[in-house]
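Engineer: Quick one: this structure, given as C-alpha cells, is what I'll be asking you about.
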Amino acid sequence: MRLTRIHVTSPLAAASELLLPEAAAGHVARVLRLRAGARIVLFDGSGADFLAEISEVEGSRVRARILERVDACRSRRSR
C-alpha cells in the first residue's frame, strides 16, 4: 500500500497531534479525499519519517495524530 508523504515545517514527534499546513491539508482533503482513519507519512526534513493517522477532516482543515517515527529509508521501501 502506498502512503502519501506530506512535508511540514514544524518539528515532529511521536505521540503528538498537529494541524497540517494549509496547502497540504487542502491537497489531502480536496484532491486525495482522504478521511479520518487514513494513514499518511509526515516528514520535517530531519531525516526521519513519521507514520500518522488522520484524526479529523473539517473542510480543508486536517488534523493528524503521529503514531511513530520510522527510518526514512524504511518507509520509502514499504511503498
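Starting from 1 in every chain, residues are counted up; chains themselves are A, B, ... following the order of the C-alpha cells, and ligands are numbered from 1 as listed.
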Among chain A, which ones does DSSP assign to strand (DSSP E or B) (computed from the backbone)? Answer as a PyMOL selection string.

Structural biologist: chain A and resi 5-7+17-19+39-43+48-58+61-71

Engineer: Kindly export the residues of the current selection with C-alpha atoms, as a PDB file, in the first residue's frame.

Structural biologist:
```pdb
ATOM      1  CA  ARG A   5       4.129  11.757   2.117  1.00  0.00           C
ATOM      2  CA  ILE A   6       3.487  15.274   3.378  1.00  0.00           C
ATOM      3  CA  HIS A   7       6.148  17.840   4.285  1.00  0.00           C
ATOM      4  CA  GLU A  17      -1.107  15.828  17.068  1.00  0.00           C
ATOM      5  CA  LEU A  18      -0.896  18.652  14.592  1.00  0.00           C
ATOM      6  CA  LEU A  19      -2.865  20.557  12.009  1.00  0.00           C
ATOM      7  CA  ARG A  39      -2.695   6.825   7.223  1.00  0.00           C
ATOM      8  CA  ILE A  40      -0.099   9.206   5.831  1.00  0.00           C
ATOM      9  CA  VAL A  41       3.630   9.789   6.269  1.00  0.00           C
ATOM     10  CA  LEU A  42       4.823  13.159   7.525  1.00  0.00           C
ATOM     11  CA  PHE A  43       8.370  14.490   7.275  1.00  0.00           C
ATOM     12  CA  ALA A  48      13.051  10.702   9.671  1.00  0.00           C
ATOM     13  CA  ASP A  49       9.520   9.984   8.545  1.00  0.00           C
ATOM     14  CA  PHE A  50       6.564   9.818  10.897  1.00  0.00           C
ATOM     15  CA  LEU A  51       3.641   7.486  10.377  1.00  0.00           C
ATOM     16  CA  ALA A  52       0.452   9.391  11.148  1.00  0.00           C
ATOM     17  CA  GLU A  53      -3.277   8.828  11.074  1.00  0.00           C
ATOM     18  CA  ILE A  54      -5.760  11.485  10.058  1.00  0.00           C
ATOM     19  CA  SER A  55      -7.932  12.121  13.083  1.00  0.00           C
ATOM     20  CA  GLU A  56     -10.186  14.861  11.699  1.00  0.00           C
ATOM     21  CA  VAL A  57     -11.082  16.404   8.361  1.00  0.00           C
ATOM     22  CA  GLU A  58     -13.247  19.511   8.537  1.00  0.00           C
ATOM     23  CA  ARG A  61      -8.637  21.662   7.785  1.00  0.00           C
ATOM     24  CA  VAL A  62      -6.904  18.353   8.558  1.00  0.00           C
ATOM     25  CA  ARG A  63      -5.649  17.162  11.943  1.00  0.00           C
ATOM     26  CA  ALA A  64      -3.268  14.194  12.156  1.00  0.00           C
ATOM     27  CA  ARG A  65      -2.075  12.076  15.082  1.00  0.00           C
ATOM     28  CA  ILE A  66       1.540  10.937  14.831  1.00  0.00           C
ATOM     29  CA  LEU A  67       1.797   7.247  15.624  1.00  0.00           C
ATOM     30  CA  GLU A  68       5.517   6.541  15.370  1.00  0.00           C
ATOM     31  CA  ARG A  69       8.841   7.665  13.964  1.00  0.00           C
ATOM     32  CA  VAL A  70      10.222   5.462  11.218  1.00  0.00           C
ATOM     33  CA  ASP A  71      13.540   5.485   9.422  1.00  0.00           C
TER      34      ASP A  71
END
```

Engineer: Identify, with DSSP run on backbone atoms, the residues in chain A assigned to alpha helix (DSSP H), and express the list as an NGL selection string.

Structural biologist: :A and (22-26 or 72-77)

Engineer: Rounded to one decimal, what separation in Å do you get between CA of Ala23 (chain A) and CA of Gly59 (chain A)?

Structural biologist: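 Spanning CA of Ala23 (chain A) to CA of Gly59 (chain A) is a straight-line distance of 12.6 Å.
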
Engineer: Please list as a list of chain:residue names every residue within 7 Å of Pro11 (chain A), counting only C-alpha atoms and excluding residues in the same chain fewer than 2 positions away.

Structural biologist: A:Thr9, A:Ala13, A:Asp44

Engineer: I need the residues from that last selection saved to file as a PDB file, in the first residue's frame (with all heavy atoms), if you can.

Structural biologist:
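Listed below is the output, selection.pdb:
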```pdb
ATOM      1  N   THR A   9       6.606  22.011   8.164  1.00  0.00           N
ATOM      2  CA  THR A   9       7.745  22.823   8.575  1.00  0.00           C
ATOM      3  C   THR A   9       8.019  22.752  10.075  1.00  0.00           C
ATOM      4  O   THR A   9       9.128  23.004  10.503  1.00  0.00           O
ATOM      5  CB  THR A   9       7.549  24.292   8.174  1.00  0.00           C
ATOM      6  OG1 THR A   9       6.330  24.766   8.729  1.00  0.00           O
ATOM      7  CG2 THR A   9       7.522  24.439   6.659  1.00  0.00           C
ATOM      8  N   ALA A  13       7.129  14.888  16.387  1.00  0.00           N
ATOM      9  CA  ALA A  13       7.461  13.967  17.470  1.00  0.00           C
ATOM     10  C   ALA A  13       6.358  12.930  17.572  1.00  0.00           C
ATOM     11  O   ALA A  13       5.174  13.235  17.363  1.00  0.00           O
ATOM     12  CB  ALA A  13       7.595  14.718  18.789  1.00  0.00           C
ATOM     13  N   ASP A  44       9.697  16.257   8.233  1.00  0.00           N
ATOM     14  CA  ASP A  44      10.026  17.650   8.542  1.00  0.00           C
ATOM     15  C   ASP A  44      11.434  18.040   8.114  1.00  0.00           C
ATOM     16  O   ASP A  44      11.917  19.105   8.475  1.00  0.00           O
ATOM     17  CB  ASP A  44       9.828  17.920  10.032  1.00  0.00           C
ATOM     18  CG  ASP A  44      10.715  17.050  10.911  1.00  0.00           C
ATOM     19  OD1 ASP A  44      11.544  16.281  10.386  1.00  0.00           O
ATOM     20  OD2 ASP A  44      10.567  17.137  12.150  1.00  0.00           O
TER      21      ASP A  44
END
```
